[in-house]
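The structure file upload_35.tsv is reproduced below (TSV, C-alpha atoms).
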```tsv
chain	number	residue	atom	x	y	z
A	1	MET	CA	-9.89	-0.69	-29.32
A	2	LYS	CA	-6.14	-0.44	-28.66
A	3	LEU	CA	-6.67	2.23	-25.99
A	4	GLN	CA	-9.42	0.11	-24.43
A	5	ALA	CA	-7.08	-2.88	-24.23
A	6	ILE	CA	-4.48	-0.70	-22.48
A	7	ARG	CA	-7.04	0.45	-19.91
A	8	ILE	CA	-8.09	-3.17	-19.28
A	9	ARG	CA	-4.47	-4.11	-18.48
A	10	GLN	CA	-4.16	-1.12	-16.15
A	11	VAL	CA	-7.34	-2.04	-14.25
A	12	TRP	CA	-6.11	-5.65	-14.02
A	13	PHE	CA	-2.91	-4.49	-12.29
A	14	ILE	CA	-4.88	-2.41	-9.79
A	15	LEU	CA	-7.42	-5.14	-9.03
A	16	SER	CA	-4.60	-7.66	-8.51
A	17	TRP	CA	-3.00	-5.27	-5.98
A	18	THR	CA	-6.34	-5.12	-4.15
A	19	LEU	CA	-6.75	-8.91	-4.07
A	20	LEU	CA	-3.28	-9.27	-2.54
A	21	THR	CA	-4.21	-6.68	0.10
A	22	MET	CA	-7.32	-8.70	0.91
A	23	ALA	CA	-5.14	-11.81	1.19
A	24	GLY	CA	-3.02	-9.95	3.75
A	25	GLY	CA	-6.10	-9.09	5.78
A	26	SER	CA	-7.31	-12.69	5.53
A	27	ALA	CA	-3.94	-13.98	6.75
A	28	LEU	CA	-4.22	-11.80	9.84
A	29	ALA	CA	-7.83	-12.85	10.37
A	30	GLN	CA	-6.77	-16.50	10.32
A	31	SER	CA	-4.60	-15.80	13.38
A	32	GLY	CA	-7.86	-15.47	15.32
A	33	THR	CA	-9.32	-18.84	14.32
A	34	GLY	CA	-8.73	-22.26	15.81
A	35	ALA	CA	-9.64	-24.29	18.83
A	36	ASP	CA	-8.46	-21.62	21.28
A	37	SER	CA	-10.67	-18.93	19.73
A	38	ILE	CA	-13.16	-17.44	22.18
A	39	ARG	CA	-15.10	-15.45	19.57
A	40	THR	CA	-14.97	-12.75	16.96
A	41	ARG	CA	-17.36	-9.83	16.81
A	42	LEU	CA	-18.93	-7.94	13.94
A	43	LEU	CA	-18.19	-4.21	13.98
A	44	LEU	CA	-19.97	-1.47	12.00
A	45	GLY	CA	-18.68	2.08	11.69
A	46	ALA	CA	-19.45	5.48	10.19
A	47	ARG	CA	-17.33	8.63	10.19
A	48	ALA	CA	-16.85	12.01	8.57
A	49	HIS	CA	-13.50	13.25	7.17
A	50	ASN	CA	-12.14	16.72	6.56
A	51	GLY	CA	-8.61	17.66	5.46
A	52	PHE	CA	-6.37	19.37	2.92
A	53	VAL	CA	-4.27	18.49	-0.14
A	54	LEU	CA	-0.49	18.37	0.31
A	55	ILE	CA	1.22	20.30	-2.49
A	56	HIS	CA	4.34	18.21	-3.04
A	57	SER	CA	4.95	19.48	-6.58
A	58	TYR	CA	4.63	22.86	-8.29
A	59	ALA	CA	2.46	21.08	-10.88
A	60	LEU	CA	-0.30	20.83	-8.24
A	61	ASP	CA	-0.53	24.59	-7.61
A	62	PRO	CA	-3.97	24.78	-9.31
A	63	VAL	CA	-5.43	22.69	-6.44
A	64	ARG	CA	-3.67	24.53	-3.63
A	65	HIS	CA	-5.94	25.52	-0.70
A	66	THR	CA	-8.48	22.79	-1.46
A	67	ASN	CA	-10.15	20.93	1.42
A	68	PRO	CA	-11.32	17.38	0.70
A	69	TRP	CA	-14.12	16.01	2.82
A	70	GLY	CA	-15.72	12.59	2.86
A	71	THR	CA	-18.11	10.10	4.43
A	72	GLU	CA	-16.84	6.63	5.35
A	73	LEU	CA	-18.81	3.43	6.01
A	74	ASP	CA	-16.98	0.54	7.63
A	75	ILE	CA	-17.60	-3.16	8.28
A	76	GLY	CA	-15.07	-5.19	10.20
A	77	LYS	CA	-14.34	-8.21	12.33
A	78	GLN	CA	-12.77	-7.79	15.76
A	79	LEU	CA	-10.55	-10.75	16.71
A	80	LEU	CA	-10.66	-11.64	20.39
A	81	SER	CA	-8.90	-15.02	20.67
A	82	LYS	CA	-5.75	-15.80	22.64
A	83	ARG	CA	-4.11	-16.85	19.38
A	84	ALA	CA	-4.82	-13.40	17.91
A	85	TRP	CA	-3.50	-11.71	21.07
A	86	ASP	CA	-0.30	-13.78	21.04
A	87	PHE	CA	0.44	-12.66	17.49
A	88	CYS	CA	1.02	-8.99	18.39
A	89	ASN	CA	0.14	-8.54	22.11
A	90	CYS	CA	-2.89	-6.69	20.83
A	91	TYR	CA	-6.34	-7.45	19.45
A	92	PRO	CA	-6.31	-7.13	15.64
A	93	ARG	CA	-9.23	-5.95	13.57
A	94	THR	CA	-9.69	-6.55	9.86
A	95	GLY	CA	-12.39	-5.43	7.45
A	96	ALA	CA	-13.42	-3.23	4.55
A	97	SER	CA	-14.38	0.43	4.17
A	98	LEU	CA	-16.12	2.49	1.50
A	99	THR	CA	-15.53	6.25	1.43
A	100	PHE	CA	-17.16	8.90	-0.78
A	101	TRP	CA	-14.96	11.96	-1.36
A	102	ASN	CA	-15.55	15.51	-2.43
A	103	TYR	CA	-12.04	16.84	-3.19
A	104	GLY	CA	-13.17	20.44	-2.87
A	105	SER	CA	-12.06	21.34	-6.38
A	106	ASP	CA	-13.64	21.26	-9.84
A	107	ILE	CA	-10.24	20.12	-11.13
A	108	LEU	CA	-10.02	17.01	-8.91
A	109	GLY	CA	-13.73	16.24	-8.89
A	110	TYR	CA	-15.21	13.49	-6.72
A	111	GLY	CA	-14.07	10.03	-5.68
A	112	ALA	CA	-15.12	6.73	-4.14
A	113	THR	CA	-12.56	4.53	-2.39
A	114	ALA	CA	-12.97	0.85	-1.46
A	115	MET	CA	-10.29	-0.51	0.89
A	116	TRP	CA	-9.39	-3.65	2.78
A	117	TYR	CA	-7.64	-2.86	6.05
A	118	VAL	CA	-5.88	-4.36	9.06
A	119	GLU	CA	-5.88	-2.54	12.40
A	120	PRO	CA	-4.22	-3.70	15.64
A	121	ILE	CA	-5.91	-2.38	18.81
A	122	PHE	CA	-3.72	-1.48	21.81
A	123	LEU	CA	-4.38	-0.36	25.44
A	124	THR	CA	-7.40	-2.65	25.54
A	125	ARG	CA	-7.42	-2.85	29.36
A	126	HIS	CA	-8.68	0.73	29.36
A	127	ARG	CA	-11.79	2.37	27.94
A	128	LEU	CA	-9.60	4.62	25.76
A	129	ASN	CA	-7.93	2.46	23.08
A	130	LEU	CA	-5.18	3.26	20.58
A	131	SER	CA	-5.13	1.70	17.12
A	132	ILE	CA	-3.12	1.91	13.89
A	133	ARG	CA	-4.82	1.20	10.56
A	134	LEU	CA	-3.18	0.26	7.27
A	135	GLY	CA	-5.47	0.04	4.25
A	136	SER	CA	-5.13	-0.46	0.52
A	137	GLY	CA	-7.57	-0.83	-2.35
A	138	ILE	CA	-8.97	0.92	-5.39
A	139	SER	CA	-10.39	4.38	-5.94
A	140	TYR	CA	-12.63	5.79	-8.65
A	141	GLN	CA	-12.20	9.48	-9.57
A	142	THR	CA	-14.66	11.40	-11.73
A	143	ASN	CA	-12.44	14.00	-13.43
A	144	PRO	CA	-9.08	12.63	-14.70
A	145	TYR	CA	-6.58	14.65	-16.71
A	146	ASP	CA	-7.65	15.61	-20.21
A	147	SER	CA	-5.47	17.77	-22.44
A	148	LEU	CA	-8.53	19.73	-23.60
A	149	GLY	CA	-11.23	19.27	-20.97
A	150	ASN	CA	-9.17	19.23	-17.76
A	151	PRO	CA	-5.52	20.18	-18.46
A	152	ASN	CA	-4.81	21.41	-14.91
A	153	ASN	CA	-5.34	18.04	-13.26
A	154	LEU	CA	-1.80	16.64	-13.15
A	155	ALA	CA	-2.61	14.54	-10.06
A	156	TYR	CA	-4.25	11.60	-11.86
A	157	SER	CA	-5.01	10.60	-15.43
A	158	LEU	CA	-7.06	7.40	-15.02
A	159	PRO	CA	-10.54	7.05	-13.50
A	160	VAL	CA	-9.50	3.89	-11.57
A	161	ASN	CA	-6.47	4.23	-9.28
A	162	ILE	CA	-4.64	2.65	-6.36
A	163	ALA	CA	-5.55	3.95	-2.91
A	164	VAL	CA	-3.43	3.63	0.25
A	165	ALA	CA	-4.21	4.96	3.72
A	166	LEU	CA	-2.51	5.05	7.12
A	167	GLY	CA	-4.36	6.14	10.22
A	168	VAL	CA	-3.87	6.50	13.98
A	169	ALA	CA	-7.04	6.49	16.07
A	170	LEU	CA	-8.25	6.97	19.63
A	171	SER	CA	-11.47	5.14	20.48
A	172	PHE	CA	-13.46	5.71	23.66
A	173	ARG	CA	-15.68	2.76	24.59
A	174	VAL	CA	-18.92	4.22	25.93
A	175	ASN	CA	-20.22	0.69	26.59
A	176	PRO	CA	-19.62	-2.78	25.08
A	177	HIS	CA	-21.70	-1.86	22.01
A	178	TRP	CA	-20.74	1.75	21.20
A	179	SER	CA	-17.43	3.57	20.75
A	180	LEU	CA	-16.52	7.11	19.75
A	181	ARG	CA	-13.57	7.38	17.35
A	182	LEU	CA	-11.19	10.27	16.56
A	183	ALA	CA	-8.46	9.63	13.99
A	184	GLY	CA	-5.72	11.28	11.99
A	185	ASN	CA	-5.32	9.81	8.50
A	186	PHE	CA	-2.91	10.07	5.59
A	187	ASN	CA	-4.52	9.21	2.23
A	188	HIS	CA	-2.84	8.65	-1.13
A	189	VAL	CA	-4.32	8.07	-4.58
A	190	SER	CA	-2.35	7.45	-7.78
A	191	ASN	CA	-2.18	4.97	-10.65
A	192	GLY	CA	1.26	3.58	-9.82
A	193	GLY	CA	2.85	5.11	-12.92
A	194	LEU	CA	0.64	3.20	-15.36
A	195	ALA	CA	-0.36	6.44	-17.09
A	196	LEU	CA	0.86	10.05	-17.13
A	197	PRO	CA	0.52	12.63	-15.64
A	198	ASN	CA	0.51	10.98	-12.24
A	199	LYS	CA	1.62	13.32	-9.45
A	200	GLY	CA	-0.90	11.67	-7.13
A	201	ILE	CA	-3.20	13.13	-4.47
A	202	ASN	CA	-1.81	13.17	-0.92
A	203	TYR	CA	-4.40	14.44	1.54
A	204	PRO	CA	-4.27	14.19	5.35
A	205	THR	CA	-7.65	14.23	7.10
A	206	MET	CA	-9.11	14.20	10.58
A	207	SER	CA	-12.10	11.93	11.05
A	208	LEU	CA	-14.76	11.70	13.74
A	209	GLY	CA	-17.30	8.91	14.03
A	210	VAL	CA	-18.77	5.95	15.87
A	211	ASP	CA	-18.35	2.17	15.91
A	212	TYR	CA	-21.17	-0.23	16.79
A	213	ALA	CA	-20.82	-3.89	17.81
A	214	PRO	CA	-24.26	-5.59	17.71
A	215	GLN	CA	-23.12	-8.41	20.05
A	216	GLY	CA	-20.89	-6.23	22.19
A	217	ILE	CA	-17.11	-6.40	22.63
A	218	ASP	CA	-15.27	-7.36	25.81
A	219	PHE	CA	-11.46	-7.30	25.59
A	220	VAL	CA	-10.12	-10.06	27.87
A	221	ALA	CA	-7.05	-9.04	29.89
A	222	ARG	CA	-4.21	-11.38	28.90
A	223	ALA	CA	-0.53	-11.69	29.81
A	224	LYS	CA	1.99	-10.55	27.21
A	225	ASN	CA	3.33	-13.20	24.89
A	226	MET	CA	7.10	-13.05	25.45
A	227	ASP	CA	7.94	-15.60	22.73
A	228	LYS	CA	9.75	-13.67	19.99
A	229	SER	CA	11.10	-16.70	18.12
A	230	PRO	CA	11.68	-15.87	14.43
A	231	PRO	CA	10.09	-17.99	11.69
A	232	ASP	CA	11.86	-21.04	10.35
A	233	PRO	CA	13.92	-20.61	8.18
A	234	ARG	CA	15.26	-17.40	9.66
A	235	LEU	CA	17.68	-16.50	6.84
A	236	ARG	CA	16.51	-16.56	3.19
A	237	PHE	CA	18.10	-15.63	-0.13
A	238	SER	CA	15.93	-15.24	-3.22
A	239	ALA	CA	16.27	-14.26	-6.89
A	240	GLY	CA	13.53	-13.21	-9.27
A	241	LEU	CA	12.12	-11.34	-12.24
A	242	THR	CA	10.05	-8.17	-12.40
A	243	GLY	CA	7.99	-6.60	-15.17
A	244	THR	CA	5.38	-3.97	-16.02
A	245	LEU	CA	4.26	-1.47	-18.68
A	246	LYS	CA	4.99	2.26	-18.70
A	247	ARG	CA	4.39	5.32	-20.91
A	248	ALA	CA	7.28	7.50	-22.01
A	249	GLY	CA	5.19	10.70	-21.81
A	250	ALA	CA	1.73	12.04	-21.10
A	251	ALA	CA	0.89	12.31	-24.81
A	252	ASP	CA	1.82	8.67	-25.54
A	253	THR	CA	-0.79	5.95	-25.85
A	254	ARG	CA	1.81	3.21	-26.41
A	255	GLN	CA	2.97	1.25	-23.37
A	256	ASN	CA	6.65	0.32	-23.19
A	257	GLY	CA	7.93	-2.79	-21.46
A	258	VAL	CA	9.92	-2.53	-18.23
A	259	TRP	CA	11.61	-5.68	-16.95
A	260	GLY	CA	14.42	-6.56	-14.61
A	261	ILE	CA	16.19	-9.06	-12.39
A	262	TRP	CA	16.65	-8.78	-8.63
A	263	THR	CA	17.97	-10.66	-5.66
A	264	GLN	CA	17.82	-10.10	-1.94
A	265	GLY	CA	18.55	-11.61	1.43
A	266	VAL	CA	16.16	-11.48	4.41
A	267	TYR	CA	17.05	-12.05	8.05
A	268	TYR	CA	14.12	-12.29	10.48
A	269	VAL	CA	14.85	-10.63	13.82
A	270	GLY	CA	11.50	-11.44	15.41
A	271	ARG	CA	8.35	-13.47	15.06
A	272	TRP	CA	7.11	-11.45	12.10
A	273	SER	CA	9.76	-8.77	11.52
A	274	GLY	CA	12.68	-9.09	9.08
A	275	LEU	CA	15.48	-6.94	7.62
A	276	ASN	CA	16.28	-7.15	3.90
A	277	LEU	CA	19.16	-6.17	1.64
A	278	GLY	CA	18.96	-6.47	-2.15
A	279	VAL	CA	20.21	-5.40	-5.56
A	280	GLU	CA	18.31	-4.94	-8.83
A	281	TRP	CA	18.98	-4.25	-12.52
A	282	ILE	CA	16.11	-2.70	-14.52
A	283	ASN	CA	15.69	-2.38	-18.30
A	284	ASP	CA	13.23	0.50	-18.77
A	285	GLY	CA	11.80	0.74	-22.31
A	286	ALA	CA	10.09	4.06	-21.58
A	287	ARG	CA	13.41	5.65	-20.57
A	288	LYS	CA	15.03	4.21	-23.70
A	289	LEU	CA	12.39	5.85	-25.92
A	290	LYS	CA	12.66	9.17	-24.06
A	291	MET	CA	16.46	9.21	-24.42
A	292	LYS	CA	16.17	8.44	-28.12
A	293	ARG	CA	13.66	11.27	-28.69
A	294	GLU	CA	15.82	13.81	-26.85
A	295	GLY	CA	19.10	12.63	-28.37
A	296	ILE	CA	20.61	11.74	-24.99
A	297	PRO	CA	23.58	9.35	-25.20
A	298	GLY	CA	24.28	6.55	-22.76
A	299	ARG	CA	22.59	3.48	-21.35
A	300	HIS	CA	18.93	3.50	-20.37
A	301	GLU	CA	19.23	0.69	-17.79
A	302	ARG	CA	19.46	1.39	-14.07
A	303	GLY	CA	20.92	-0.55	-11.17
A	304	GLY	CA	20.11	-0.03	-7.52
A	305	ILE	CA	20.97	-1.26	-4.03
A	306	LEU	CA	18.11	-1.48	-1.52
A	307	VAL	CA	17.77	-1.94	2.22
A	308	GLY	CA	14.56	-2.21	4.17
A	309	HIS	CA	12.16	-4.00	6.47
A	310	GLN	CA	9.33	-6.47	5.99
A	311	PHE	CA	6.46	-8.06	7.89
A	312	LEU	CA	5.66	-11.76	7.48
A	313	LEU	CA	1.99	-12.51	8.22
A	314	GLY	CA	1.58	-16.22	7.54
A	315	ARG	CA	2.34	-16.49	3.82
A	316	VAL	CA	1.80	-12.78	3.14
A	317	VAL	CA	4.69	-10.27	3.09
A	318	PHE	CA	4.47	-6.46	3.43
A	319	SER	CA	7.83	-4.81	2.61
A	320	GLN	CA	9.31	-1.30	2.57
A	321	GLN	CA	12.71	-0.50	1.04
A	322	LEU	CA	14.94	2.52	0.45
A	323	GLY	CA	17.14	2.33	-2.66
A	324	ILE	CA	19.98	4.25	-4.26
A	325	TYR	CA	21.13	3.96	-7.87
A	326	PHE	CA	24.69	2.76	-8.39
A	327	PHE	CA	24.19	2.95	-12.19
A	328	ASP	CA	22.06	5.72	-13.73
A	329	GLN	CA	23.42	7.52	-16.81
A	330	PHE	CA	20.16	9.37	-17.60
A	331	LYS	CA	19.37	11.14	-14.32
A	332	LEU	CA	15.66	11.78	-14.83
A	333	ASN	CA	14.76	11.25	-11.15
A	334	ASP	CA	16.32	11.56	-7.71
A	335	PRO	CA	19.18	9.12	-7.01
A	336	VAL	CA	17.24	7.82	-3.99
A	337	TYR	CA	13.91	5.99	-4.31
A	338	GLN	CA	11.47	3.87	-2.32
A	339	ARG	CA	9.74	0.53	-2.88
A	340	TYR	CA	6.58	-0.74	-1.20
A	341	GLY	CA	5.72	-4.40	-1.73
A	342	LEU	CA	2.80	-6.72	-1.12
A	343	GLY	CA	2.94	-10.40	-2.01
A	344	MET	CA	2.60	-13.95	-0.79
A	345	TYR	CA	4.33	-17.31	-0.89
A	346	VAL	CA	2.44	-19.47	-3.41
A	347	THR	CA	4.56	-22.43	-2.28
A	348	LYS	CA	7.29	-22.73	0.37
A	349	ARG	CA	9.80	-21.18	-2.07
A	350	LEU	CA	7.81	-19.49	-4.86
A	351	PHE	CA	6.85	-15.88	-4.12
A	352	ALA	CA	4.54	-13.64	-6.20
A	353	GLY	CA	3.42	-10.08	-5.60
A	354	PHE	CA	3.31	-6.43	-6.61
A	355	ASN	CA	5.81	-3.68	-5.91
A	356	LEU	CA	5.20	0.08	-6.07
A	357	LYS	CA	8.29	2.16	-6.84
A	358	THR	CA	8.26	5.87	-6.02
A	359	HIS	CA	10.63	8.85	-6.09
A	360	ARG	CA	9.67	10.77	-2.98
A	361	HIS	CA	5.90	11.43	-3.34
A	362	VAL	CA	5.66	10.58	-7.06
A	363	ALA	CA	4.91	7.00	-8.17
A	364	ASP	CA	7.19	5.72	-10.92
A	365	LEU	CA	5.71	2.30	-11.69
A	366	LEU	CA	3.79	-0.69	-10.35
A	367	GLU	CA	5.47	-4.01	-11.06
A	368	LEU	CA	4.59	-7.69	-10.95
A	369	ARG	CA	7.33	-9.64	-9.13
A	370	LEU	CA	8.16	-13.35	-9.05
A	371	SER	CA	10.99	-14.91	-7.06
A	372	TRP	CA	12.32	-18.23	-5.81
A	373	ASP	CA	14.05	-18.86	-2.48
A	374	ILE	CA	17.38	-20.22	-3.69
A	375	TRP	CA	18.82	-20.73	-0.18
A	376	ARG	CA	17.20	-21.00	3.23
A	377	LYS	CA	18.88	-21.58	6.60
```
As structure tokens, how would this structure be written, given the file I've shared?
Amino acid sequence: MKLQAIRIRQVWFILSWTLLTMAGGSALAQSGTGADSIRTRLLLGARAHNGFVLIHSYALDPVRHTNPWGTELDIGKQLLSKRAWDFCNCYPRTGASLTFWNYGSDILGYGATAMWYVEPIFLTRHRLNLSIRLGSGISYQTNPYDSLGNPNNLAYSLPVNIAVALGVALSFRVNPHWSLRLAGNFNHVSNGGLALPNKGINYPTMSLGVDYAPQGIDFVARAKNMDKSPPDPRLRFSAGLTGTLKRAGAADTRQNGVWGIWTQGVYYVGRWSGLNLGVEWINDGARKLKMKREGIPGRHERGGILVGHQFLLGRVVFSQQLGIYFFDQFKLNDPVYQRYGLGMYVTKRLFAGFNLKTHRHVADLLELRLSWDIWRK
């Protein structure tokens, strides 16, 4: 029962991440509604993927030379309003996809990934369009790590995981209803450090498929929106708390608390683009237990300075940061790390979201974050 309760908490974290991703897609979709909206169009898609697994750690050598392949089904909404165009000088698309994966290895097994995505479409005056897709959601894998049954799978140890994808596509519009699509994609699956081992699966793929619009799509030629006025307020300082659970080792079933305090300033340089600078202090219970077991002296806390960029889409914020530890007495990881955040303003000042911390390609933890804008100008 205790292990079942732990799994329930882990799934709750992952589902919450997905709901926030859907909120981000909804925020972008709302940019296409209103009195000036001409129309939106339903879009259906199907494509086939083929790729390879990136071996970013020696621990993944057992799955070297594997070739994942998959089949993707897609349903989306193409925004065609002037309001949507003015947001990015492009025509955004938002929707959901379901992909079935064969990872090409008995160790990794099979998978099914459900994602919510946003995808701005560029070069719409031509029949050949360019688009960039960012997606996030959940993924189910059939063969997680097991010390007896599957000891070589150090990529993932939970059946339900976080999935993230980035893709660049070329679409050729045969006619208003049909398009051919060729895309390069980078796919990532891991559990955000909620359980160990968790090296993650990074697998680039090429995909080929078709999109079908039952009502047809006609991209109206519009003048560029030259208004780059930043949001009001432009400068914001916030302070907050962060917390999660983490295991000290792969053999542990007990989850240790990780909590911290953080503050940052954000300066918006454009309509939706901002630069951030912050500092954090983290109390990591899993590190404390590991240091105690190995007889390592010193403090288990860590402090870091971070700098990065963020997108503001209505009330939703997507952020990316690069950090470096200024205090780290137990050097278990690299001194440099990354953070990827997704959250939204619940009120004008209260912010809530999730933050994924990684060291290079390996996820360290997935945290819940709350903050309050203490000063805005």
Point (4.8, -15.4, 24.8) neighbourhood (10 Å, only C-alpha atoms) written as a PyMOL selection string: chain A and resi 85-89+223-229
Give me the residues within 6 Å of stretch 354-370 of chain A as a VMD selection string, counting all atoms listed in the file and dropping any in the same chain fewer than 5 places off. chain A and resid 192 to 193 199 240 to 244 337 to 342
Would you mind telling me which residue in A:Gly249, A:Gly184, A:Pro68, A:Pro176 lies nearest to A:Asp218 when using only C-alpha atoms? A:Pro176
Which distance in Å separates atom CA of A:Gly314 and atom CA of A:Met344, to one decimal?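 Straight-line distance from atom CA of A:Gly314 to atom CA of A:Met344 works out to 8.7 Å.
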Just the number, please: distance in Å from atom CA of A:Thr263 to atom CA of A:Ala286, one decimal. 23.1 Å
In Å, rounded to a single decimal, give me how far atom CA of A:Leu158 is from atom CA of A:Gly109. 12.7 Å
Selection as an MDAnalysis selection string: residues within 10 Å of (-0.6, 21.2, -5.1), counting only C-alpha atoms: chainID A and resid 53:66 153:155 199:202
As AutoDock Vina command-line options, what would the box around stretch 66-77 of chain A look like: edges along x, y and z, 6 Å added on every side, centre and edge lengths in Å to one decimal?
```
--center_x -13.6 --center_y 7.3 --center_z 5.4 --size_x 22.3 --size_y 43.0 --size_z 25.8
```
Selected residue of minimal separation from A:Gln255 among A:Ile324, A:Leu289, A:Met115, A:Leu43, counting all atoms listed in the file: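 Closest to A:Gln255 of all the choices is A:Leu289.
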I need the residue nearest A:Leu196 from this list: A:Asn50, A:Ser238, A:Ser157, A:Gln141. Use all atoms listed in the file for the distance.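 For A:Leu196, the nearest of the candidates is A:Ser157.
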Which residue out of A:Val164, A:Leu123, A:Leu73, A:Leu245 has the minimum interatomic distance to A:Ser139 when only C-alpha atoms are used?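 Counting only C-alpha atoms, the residue closest to A:Ser139 is A:Val164.
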Leaving out A:Val307 and any residue of its chain fewer than 4 positions from it, which residues lie within 7 Å of it when counting all atoms listed in the file, given as a list of chain:residue names?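 Those residues are A:Asn276, A:Leu277, A:Gly278, A:Gln321, A:Leu322, A:Gly323.
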May I ask which of the residues A:Gln310, A:Asn283, A:Ser81, A:Gln264 is the closest one to A:Asp373, counting all atoms listed in the file? A:Gln264
Go through A:Asp284, A:Asp232, A:Asp106, A:Glu119 one by one, measure the shortest atom-to-atom distance of each to A:Ala165 using all atoms listed in the file, and give the residue with the smallest value.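 Answer, going by the shortest atom-to-atom distance: A:Glu119.
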Need to verify the contact set: stretch 124-136 of chain A, 6 Å, all atoms listed in the file, exclusion of same-chain residues closer than 4 positions in sequence. Can you return it as a list in words?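 Counting all atoms listed in the file, the residues come to Met115, Trp116, Tyr117, Val118, Glu119, Pro120, Ala163, Val164, Ala165, Leu166, Gly167, Val168, Ala169, Leu170, Ser171, Phe172 and Arg173 of chain A.
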Write out as an mmCIF file with C-alpha atoms, keeping the file's coordinate frame each polymer residue whose atoms come within 7 Å of A:Thr205, counting all atoms listed in the file; drop sequence neighbours fewer than 3 positions from it.
```cif
data_model
loop_
_atom_site.group_PDB
_atom_site.id
_atom_site.type_symbol
_atom_site.label_atom_id
_atom_site.label_comp_id
_atom_site.auth_asym_id
_atom_site.auth_seq_id
_atom_site.Cartn_x
_atom_site.Cartn_y
_atom_site.Cartn_z
ATOM 1 C CA HIS A 49 -13.500 13.250 7.170
ATOM 2 C CA ASN A 50 -12.140 16.720 6.560
ATOM 3 C CA GLY A 51 -8.610 17.660 5.460
ATOM 4 C CA PHE A 52 -6.370 19.370 2.920
ATOM 5 C CA GLY A 184 -5.720 11.280 11.990
ATOM 6 C CA ASN A 185 -5.320 9.810 8.500
ATOM 7 C CA PHE A 186 -2.910 10.070 5.590
#
```
Where atoms are lacking, stretch 208-221 of chain A completed to N, CA and C atoms, as a compact mmCIF listing (two decimals), in the frame of the given file:
```txt
# COMPACT_ATOMS: atom_id res chain seq x y z
N LEU A 208 -14.01 11.87 12.50
CA LEU A 208 -14.76 11.70 13.74
C LEU A 208 -15.96 10.82 13.44
N GLY A 209 -16.18 9.79 14.29
CA GLY A 209 -17.30 8.91 14.03
C GLY A 209 -17.58 7.97 15.17
N VAL A 210 -18.37 6.94 14.87
CA VAL A 210 -18.77 5.95 15.87
C VAL A 210 -18.58 4.55 15.31
N ASP A 211 -18.36 3.59 16.23
CA ASP A 211 -18.35 2.17 15.91
C ASP A 211 -19.43 1.49 16.73
N TYR A 212 -20.09 0.48 16.11
CA TYR A 212 -21.17 -0.23 16.79
C TYR A 212 -20.96 -1.73 16.66
N ALA A 213 -20.94 -2.43 17.78
CA ALA A 213 -20.82 -3.89 17.81
C ALA A 213 -22.15 -4.47 18.26
N PRO A 214 -22.92 -5.09 17.35
CA PRO A 214 -24.26 -5.59 17.71
C PRO A 214 -24.25 -6.57 18.89
N GLN A 215 -23.20 -7.41 18.98
CA GLN A 215 -23.12 -8.41 20.05
C GLN A 215 -22.29 -7.93 21.23
N GLY A 216 -21.72 -6.74 21.13
CA GLY A 216 -20.89 -6.23 22.19
C GLY A 216 -19.47 -6.77 22.12
N ILE A 217 -18.51 -6.01 22.63
CA ILE A 217 -17.11 -6.40 22.63
C ILE A 217 -16.56 -6.28 24.04
N ASP A 218 -15.92 -7.36 24.50
CA ASP A 218 -15.27 -7.36 25.81
C ASP A 218 -13.84 -7.85 25.61
N PHE A 219 -12.86 -6.94 25.76
CA PHE A 219 -11.46 -7.30 25.59
C PHE A 219 -10.97 -8.01 26.86
N VAL A 220 -10.62 -9.28 26.73
CA VAL A 220 -10.12 -10.06 27.87
C VAL A 220 -8.70 -9.62 28.20
N ALA A 221 -8.41 -9.39 29.46
CA ALA A 221 -7.05 -9.04 29.89
C ALA A 221 -6.18 -10.28 29.84
```
